[in-house]
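> One file is attached below, query_37.cif, containing mmCIF, C-alpha atoms.
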data_query
loop_
_atom_site.label_atom_id
_atom_site.label_comp_id
_atom_site.auth_asym_id
_atom_site.auth_seq_id
_atom_site.Cartn_x
_atom_site.Cartn_y
_atom_site.Cartn_z
CA MET N 18 -8.26 11.90 5.72
CA ALA N 19 -9.32 8.61 4.13
CA GLN N 20 -8.90 7.98 0.44
CA ALA N 21 -10.11 5.25 -1.86
CA SER N 22 -7.74 2.33 -2.28
CA GLN N 23 -6.54 1.58 -5.81
CA ALA N 24 -5.06 -1.81 -4.95
CA THR N 25 -6.76 -4.32 -2.70
CA ILE N 26 -4.91 -6.37 -0.13
CA GLY N 27 -3.57 -9.41 -1.93
CA SER N 28 -3.11 -7.71 -5.32
CA SER N 29 -0.42 -5.11 -4.66
CA GLU N 30 3.35 -5.03 -5.19
CA PHE N 31 3.81 -5.38 -1.43
CA ASP N 32 1.78 -8.61 -1.30
CA ARG N 33 3.51 -10.02 -4.36
CA ASP N 34 6.99 -9.22 -3.09
CA THR N 35 6.43 -10.49 0.48
CA ALA N 36 4.71 -13.71 -0.58
CA VAL N 37 6.44 -16.85 0.69
CA THR N 38 6.10 -20.38 -0.69
CA ARG N 39 5.91 -23.29 1.76
CA ARG N 40 8.52 -25.94 0.90
CA ALA N 41 8.19 -28.09 4.01
CA GLU N 42 6.88 -27.72 7.54
CA GLY N 43 8.38 -24.50 8.88
CA VAL N 44 10.37 -23.83 5.69
CA TYR N 45 9.42 -21.11 3.20
CA ALA N 46 11.10 -19.84 0.04
CA ILE N 47 11.10 -16.30 -1.33
CA ASP N 48 12.90 -14.28 -3.97
CA LEU N 49 13.73 -10.97 -2.28
CA SER N 50 12.84 -8.20 -4.69
CA ALA N 51 15.32 -5.49 -5.69
CA ASP N 52 12.34 -3.12 -5.72
CA TRP N 53 12.63 -2.71 -1.93
CA THR N 54 16.30 -1.74 -1.69
CA ILE N 55 17.97 1.38 -0.33
CA PHE N 56 21.66 2.08 -0.91
CA ASN N 57 21.78 -1.38 -2.58
CA ALA N 58 20.65 -3.15 0.61
CA VAL N 59 17.21 -4.68 1.14
CA ASN N 60 15.11 -2.46 3.43
CA GLY N 61 14.77 -3.75 6.98
CA GLY N 62 11.04 -3.06 7.19
CA TYR N 63 10.40 -5.05 4.01
CA LEU N 64 12.46 -7.93 5.42
CA LEU N 65 10.49 -7.82 8.66
CA ALA N 66 7.25 -8.00 6.68
CA VAL N 67 8.56 -11.06 4.82
CA LEU N 68 9.33 -12.90 8.04
CA GLY N 69 6.11 -11.60 9.55
CA ARG N 70 4.14 -13.12 6.67
CA ALA N 71 5.89 -16.48 7.09
CA LEU N 72 5.03 -16.48 10.80
CA SER N 73 1.41 -15.59 10.06
CA GLN N 74 1.23 -18.79 8.01
CA ALA N 75 3.14 -20.91 10.51
CA LEU N 76 1.31 -19.82 13.69
CA PRO N 77 -2.36 -20.38 14.58
CA HIS N 78 -2.98 -16.65 15.16
CA PRO N 79 -3.03 -14.23 12.19
CA ASP N 80 -1.66 -10.89 13.40
CA PRO N 81 1.72 -9.74 14.76
CA PHE N 82 1.31 -8.14 18.20
CA THR N 83 5.01 -7.75 18.98
CA ILE N 84 7.96 -8.68 16.81
CA THR N 85 11.66 -8.17 17.48
CA ALA N 86 14.30 -8.58 14.80
CA HIS N 87 18.08 -8.69 14.99
CA TYR N 88 19.75 -7.87 11.67
CA LEU N 89 22.89 -9.98 11.44
CA THR N 90 24.18 -9.36 7.92
CA ALA N 91 22.94 -7.25 5.01
CA SER N 92 20.41 -9.05 2.82
CA ARG N 93 20.66 -9.03 -0.97
CA PRO N 94 17.98 -9.22 -3.63
CA GLY N 95 17.54 -12.82 -4.74
CA PRO N 96 16.60 -16.24 -3.38
CA ALA N 97 16.23 -16.70 0.36
CA VAL N 98 14.85 -19.29 2.77
CA VAL N 99 12.80 -18.51 5.88
CA ARG N 100 12.73 -21.10 8.65
CA THR N 101 10.09 -20.83 11.36
CA GLU N 102 9.56 -22.54 14.69
CA THR N 103 6.55 -22.47 16.98
CA VAL N 104 7.74 -21.72 20.50
CA ARG N 105 4.40 -21.68 22.32
CA THR N 106 0.72 -21.77 21.43
CA GLY N 107 -1.89 -20.28 23.77
CA ARG N 108 -5.55 -19.34 23.57
CA THR N 109 -5.01 -15.65 22.79
CA LEU N 110 -1.32 -15.49 21.84
CA SER N 111 1.12 -17.74 20.05
CA THR N 112 4.86 -17.18 19.95
CA GLY N 113 7.26 -18.16 17.21
CA GLN N 114 10.69 -17.46 15.86
CA ALA N 115 11.94 -17.14 12.31
CA SER N 116 15.21 -16.64 10.51
CA LEU N 117 16.08 -15.70 6.95
CA HIS N 118 19.05 -17.31 5.17
CA GLN N 119 20.86 -16.71 1.89
CA TYR N 120 24.02 -18.05 0.24
CA ASP N 121 27.14 -15.91 -0.06
CA ASP N 122 29.46 -15.77 -3.06
CA GLU N 123 31.36 -18.84 -1.84
CA GLY N 124 28.18 -20.91 -1.54
CA ASN N 125 28.00 -20.78 2.26
CA GLU N 126 24.62 -20.35 3.91
CA VAL N 127 24.46 -17.09 5.88
CA GLU N 128 21.80 -16.08 8.37
CA ARG N 129 20.66 -12.54 7.60
CA ILE N 130 17.99 -11.80 10.21
CA ARG N 131 16.43 -13.54 13.23
CA VAL N 132 13.01 -12.74 14.67
CA LEU N 133 11.03 -13.58 17.81
CA ALA N 134 7.34 -12.66 17.73
CA SER N 135 3.99 -13.07 19.48
CA TYR N 136 0.85 -13.25 17.35
CA GLY N 137 -2.82 -12.87 18.19
CA ASP N 138 -6.09 -11.70 16.64
CA LEU N 139 -6.41 -7.90 16.51
CA ASP N 140 -10.13 -8.18 15.79
CA GLY N 141 -10.62 -9.85 19.18
CA LEU N 142 -9.18 -6.99 21.25
CA PRO N 143 -11.48 -4.85 23.44
CA ASP N 144 -12.29 -1.31 22.30
CA ASP N 145 -11.17 0.34 25.57
CA VAL N 146 -8.44 2.96 24.99
CA ARG N 147 -6.76 5.01 27.73
CA THR N 148 -3.86 7.03 26.38
CA SER N 149 -2.03 10.31 26.70
CA ALA N 150 -0.57 9.95 23.21
CA VAL N 151 -1.72 12.40 20.54
CA PRO N 152 -1.31 12.26 16.75
CA PRO N 153 1.69 14.13 15.34
CA ALA N 154 1.06 17.62 14.03
CA ILE N 155 1.71 17.26 10.30
CA PRO N 156 0.49 19.72 7.65
CA PRO N 157 -2.09 18.46 5.14
CA LEU N 158 -0.74 15.97 2.65
CA ASP N 159 -0.73 18.48 -0.21
CA GLN N 160 1.52 20.78 1.84
CA CYS N 161 4.19 18.11 2.40
CA PHE N 162 6.90 16.97 0.00
CA GLY N 163 8.17 13.71 -1.48
CA PRO N 164 11.17 12.71 -3.61
CA GLU N 165 9.26 13.57 -6.77
CA ASP N 166 8.82 17.19 -5.64
CA GLY N 167 12.52 18.08 -5.64
CA PRO N 168 14.65 19.31 -8.56
CA ALA N 169 17.01 16.34 -8.12
CA PRO N 170 17.02 12.99 -6.32
CA VAL N 171 17.30 13.31 -2.54
CA PRO N 172 20.02 11.42 -0.61
CA SER N 173 17.58 8.66 0.36
CA GLY N 174 16.49 8.14 -3.25
CA SER N 175 16.26 4.43 -4.05
CA ALA N 176 14.11 1.72 -5.55
CA LEU N 177 12.23 1.69 -2.26
CA THR N 178 10.92 5.23 -2.70
CA ASP N 179 9.32 4.25 -6.03
CA ARG N 180 7.11 1.76 -4.16
CA LEU N 181 5.95 4.21 -1.50
CA MET N 182 3.91 7.36 -1.08
CA ILE N 183 5.93 9.43 1.38
CA LYS N 184 5.22 13.12 1.91
CA VAL N 185 7.56 14.64 4.49
CA ASP N 186 6.60 17.45 6.86
CA PRO N 187 8.53 20.54 5.67
CA ALA N 188 9.59 21.17 9.29
CA THR N 189 11.68 17.97 9.13
CA LEU N 190 12.99 18.46 5.60
CA GLY N 191 15.91 20.79 6.30
CA TRP N 192 18.41 18.00 5.51
CA ALA N 193 17.23 17.92 1.87
CA LEU N 194 18.01 21.64 1.57
CA GLY N 195 21.42 21.42 3.23
CA GLN N 196 20.04 22.92 6.45
CA PRO N 197 19.41 20.07 8.90
CA SER N 198 17.61 21.18 12.07
CA GLY N 199 19.72 19.07 14.45
CA LYS N 200 16.54 17.94 16.24
CA GLY N 201 16.51 14.28 15.19
CA GLU N 202 12.86 14.31 14.08
CA MET N 203 11.14 12.99 10.96
CA ARG N 204 7.40 13.17 10.22
CA ALA N 205 5.54 12.16 7.09
CA TRP N 206 2.39 10.88 5.50
CA PHE N 207 2.89 7.28 4.41
CA GLY N 208 1.24 4.80 2.09
CA LEU N 209 1.96 2.30 -0.63
CA LYS N 210 2.30 3.92 -4.07
CA ASP N 211 -0.26 1.60 -5.68
CA GLY N 212 -2.92 2.71 -3.19
CA ARG N 213 -3.17 -0.52 -1.19
CA ASP N 214 -4.51 0.26 2.28
CA ALA N 215 -2.41 -0.58 5.32
CA ASP N 216 -2.75 -3.81 7.28
CA PRO N 217 -0.76 -5.22 10.24
CA LEU N 218 2.00 -6.60 8.00
CA SER N 219 2.51 -3.35 6.08
CA LEU N 220 2.84 -1.54 9.42
CA LEU N 221 6.09 -3.50 9.87
CA LEU N 222 7.33 -1.70 6.76
CA ALA N 223 5.92 1.70 7.73
CA VAL N 224 8.03 2.03 10.89
CA ASP N 225 11.26 1.70 8.88
CA ALA N 226 10.46 3.51 5.64
CA LEU N 227 11.01 7.22 6.33
CA PRO N 228 14.35 8.97 5.72
CA PRO N 229 16.60 8.38 8.76
CA THR N 230 16.46 10.90 11.59
CA ALA N 231 20.27 10.97 11.24
CA PHE N 232 19.76 13.21 8.20
CA GLU N 233 18.21 15.91 10.39
CA LEU N 234 21.19 15.50 12.74
CA GLY N 235 23.46 16.53 9.88
CA LEU N 236 24.66 13.03 8.97
CA SER N 237 24.35 11.24 5.65
CA GLY N 238 24.69 7.78 4.18
CA TRP N 239 23.32 4.36 5.04
CA VAL N 240 21.97 3.91 8.59
CA PRO N 241 21.76 0.10 9.01
CA THR N 242 19.39 -1.31 11.60
CA VAL N 243 20.90 -3.48 14.34
CA GLU N 244 17.69 -4.32 16.21
CA LEU N 245 14.04 -3.40 15.61
CA THR N 246 11.02 -4.06 17.83
CA VAL N 247 7.50 -3.31 16.61
CA HIS N 248 4.23 -3.32 18.58
CA VAL N 249 1.08 -3.51 16.46
CA ARG N 250 -1.79 -2.04 18.47
CA CYS N 251 -4.81 -2.32 16.17
CA ARG N 252 -5.86 -2.90 12.58
CA PRO N 253 -5.47 0.41 10.69
CA ALA N 254 -8.42 2.19 9.10
CA PRO N 255 -8.32 2.82 5.33
CA GLY N 256 -6.39 5.87 4.19
CA PRO N 257 -2.87 7.26 4.50
CA LEU N 258 -0.91 6.85 7.70
CA ARG N 259 1.01 9.46 9.66
CA VAL N 260 4.43 8.40 10.88
CA SER N 261 6.51 10.25 13.46
CA VAL N 262 10.09 9.21 14.25
CA THR N 263 12.36 10.76 16.89
CA THR N 264 15.93 10.28 18.08
CA ARG N 265 17.01 11.62 21.46
CA ASN N 266 20.47 10.13 21.79
CA LEU N 267 23.36 9.44 19.43
CA ALA N 268 26.41 8.02 21.16
CA GLY N 269 29.29 5.78 20.17
CA GLY N 270 28.13 5.64 16.56
CA PHE N 271 24.65 4.30 17.44
CA LEU N 272 21.27 5.99 17.74
CA GLU N 273 17.74 4.94 18.63
CA GLU N 274 14.66 5.72 16.56
CA ASP N 275 11.25 5.73 18.25
CA ALA N 276 8.37 5.60 15.78
CA GLU N 277 4.62 6.06 16.11
CA VAL N 278 2.15 5.24 13.33
CA TRP N 279 -1.32 6.80 13.33
CA ASP N 280 -4.21 5.93 11.02
CA SER N 281 -6.90 8.10 9.41
CA ALA N 282 -9.17 7.55 12.44
CA ASP N 283 -6.56 9.17 14.75
CA ARG N 284 -5.66 5.84 16.36
CA LEU N 285 -2.14 4.83 17.36
CA VAL N 286 -1.85 1.63 15.32
CA ALA N 287 1.86 0.80 15.74
CA GLN N 288 4.92 1.76 17.75
CA SER N 289 8.54 0.78 17.35
CA ARG N 290 12.04 1.30 18.63
CA GLN N 291 15.18 0.46 16.74
CA LEU N 292 18.90 0.69 17.34
CA ALA N 293 20.83 1.78 14.25
CA ARG N 294 24.44 2.39 13.35
CA VAL N 295 25.61 5.66 11.79
CA ARG N 296 28.72 6.86 10.01
CA LEU N 297 30.32 9.74 11.90
CA GLY N 298 33.14 10.42 9.50
#
For this file, write the structure as structure tokens.

Amino acid sequence: MAQASQATIGSSEFDRDTAVTRRAEGVYAIDLSADWTIFNAVNGGYLLAVLGRALSQALPHPDPFTITAHYLTASRPGPAVVRTETVRTGRTLSTGQASLHQYDDEGNEVERIRVLASYGDLDGLPDDVRTSAVPPAIPPLDQCFGPEDGPAPVPSGSALTDRLMIKVDPATLGWALGQPSGKGEMRAWFGLKDGRDADPLSLLLAVDALPPTAFELGLSGWVPTVELTVHVRCRPAPGPLRVSVTTRNLAGGFLEEDAEVWDSADRLVAQSRQLARVRLG
């Protein structure tokens, strides 16, 4: 279900707000935008895209293949510094690490997030695909619902939702009606609101942009990410993405979220798993 892009890569809000400025070798500056916040905290997928962009400039290969982030403290809108280090450079893969730092109210530098990633060239991968995975069964986009379709703001309403096109499968929308299913599933169509087509860096945002599966488990409130690993499998085709997220186990105040991202050509373009903390009381 491809659609024409209104914003080209390089001209959208996402590109503007993830752009980093090189200050020295391995050091990049950015002003984290308040436009990508949820419950007053900067979204983890947006942060991952920021560090992913810095690494794409620091490493000899252009595309994230696998990236793992540990979220240490909540990031705030405002100035930040990303420091990168090349760990290893190979013919087909290069590995690097990056960390994002801000200053607290007392003027102390605080590390917010640390990432380890391997980069390559998605265009150089073979076309062979052998998989048992199938795209999620989601109704057509015009039969799904977003924040703008409700009579009042939904619990996940935030600046972030104004940047995104998210249309949730009605079968996973019980939480918004006060009738959560208890299944720990969330499915939706996903895109950037300005029409920019997806690329490998925006996939890092897509895996962490849907309402938390905790909502369908009957929980509410902020669900902060502790650790997030993303595998980018191929460059997405133009058009909206389909994102499916599931949780099978909530224990000790922590749950996992397994995400799959499918493009308009029915290809699995990204997968992720994250560990998140939930409020039980």
> Let me know the residues the PyMOL selection byres ((chain N and resi 264-277) around 8) catches in the file above, as a ChimeraX atom specification.
/N:200-202,224,230,260-263,278-279,285-297
> With C-alpha atoms kept, could you save the residues just selected as a compact mmCIF listing (two decimals), keeping the file's coordinate frame?

# COMPACT_ATOMS: atom_id res chain seq x y z
CA LYS N 200 16.54 17.94 16.24
CA GLY N 201 16.51 14.28 15.19
CA GLU N 202 12.86 14.31 14.08
CA VAL N 224 8.03 2.03 10.89
CA THR N 230 16.46 10.90 11.59
CA VAL N 260 4.43 8.40 10.88
CA SER N 261 6.51 10.25 13.46
CA VAL N 262 10.09 9.21 14.25
CA THR N 263 12.36 10.76 16.89
CA VAL N 278 2.15 5.24 13.33
CA TRP N 279 -1.32 6.80 13.33
CA LEU N 285 -2.14 4.83 17.36
CA VAL N 286 -1.85 1.63 15.32
CA ALA N 287 1.86 0.80 15.74
CA GLN N 288 4.92 1.76 17.75
CA SER N 289 8.54 0.78 17.35
CA ARG N 290 12.04 1.30 18.63
CA GLN N 291 15.18 0.46 16.74
CA LEU N 292 18.90 0.69 17.34
CA ALA N 293 20.83 1.78 14.25
CA ARG N 294 24.44 2.39 13.35
CA VAL N 295 25.61 5.66 11.79
CA ARG N 296 28.72 6.86 10.01
CA LEU N 297 30.32 9.74 11.90
> Neighbouring residues of N:Ala282 were defined as those with any atom within 10 Å, considering all atoms listed in the file; residues of the same chain fewer than 3 positions away were excluded. Please report them as a PDB file with C-alpha atoms, in the coordinates of the input.

ATOM      1  CA  MET N  18      -8.260  11.900   5.720  1.00  0.00           C
ATOM      2  CA  ALA N  19      -9.320   8.610   4.130  1.00  0.00           C
ATOM      3  CA  PRO N 253      -5.470   0.410  10.690  1.00  0.00           C
ATOM      4  CA  ALA N 254      -8.420   2.190   9.100  1.00  0.00           C
ATOM      5  CA  PRO N 255      -8.320   2.820   5.330  1.00  0.00           C
ATOM      6  CA  GLY N 256      -6.390   5.870   4.190  1.00  0.00           C
ATOM      7  CA  LEU N 258      -0.910   6.850   7.700  1.00  0.00           C
ATOM      8  CA  TRP N 279      -1.320   6.800  13.330  1.00  0.00           C
ATOM      9  CA  LEU N 285      -2.140   4.830  17.360  1.00  0.00           C
ATOM     10  CA  VAL N 286      -1.850   1.630  15.320  1.00  0.00           C
TER      11      VAL N 286
END
> On this structure, the PyMOL selection byres ((chain N and resi 32) around 10) would catch which residues? List them as a list in words, sorted by chain and number.
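Checking the PyMOL selection byres ((chain N and resi 32) around 10) against this file, the residues are Thr25, Ile26, Gly27, Ser28, Ser29, Glu30, Phe31, Arg33, Asp34, Thr35, Ala36, Val37, Ala66, Val67, Arg70, Arg213, Leu218 and Ser219 of chain N.
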> Ranking N:Val146, N:Leu89, N:Met182, N:Val59 by minimum distance to N:Gly163 and counting all atoms listed in the file, which one comes first?
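Using all atoms listed in the file, N:Gly163 sits closest to N:Met182.
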> Name the closest residue to N:Ala176 among the candidates N:Ile47, N:Leu110, N:Ala97, N:Ala58; distances are taken between atoms, counting all atoms listed in the file.
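Closest candidate: N:Ala58.
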> Using only C-alpha atoms, which residue out of N:Ala231, N:Leu68, N:Met203, N:Ile130 lies closest to N:His118?
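Using only C-alpha atoms, the shortest distance to N:His118 belongs to N:Ile130.
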> What is the distance between atom CA of N:Thr83 and atom CA of N:Ala134, in Å to one decimal?
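Distance reported for this atom pair: 5.6 Å.
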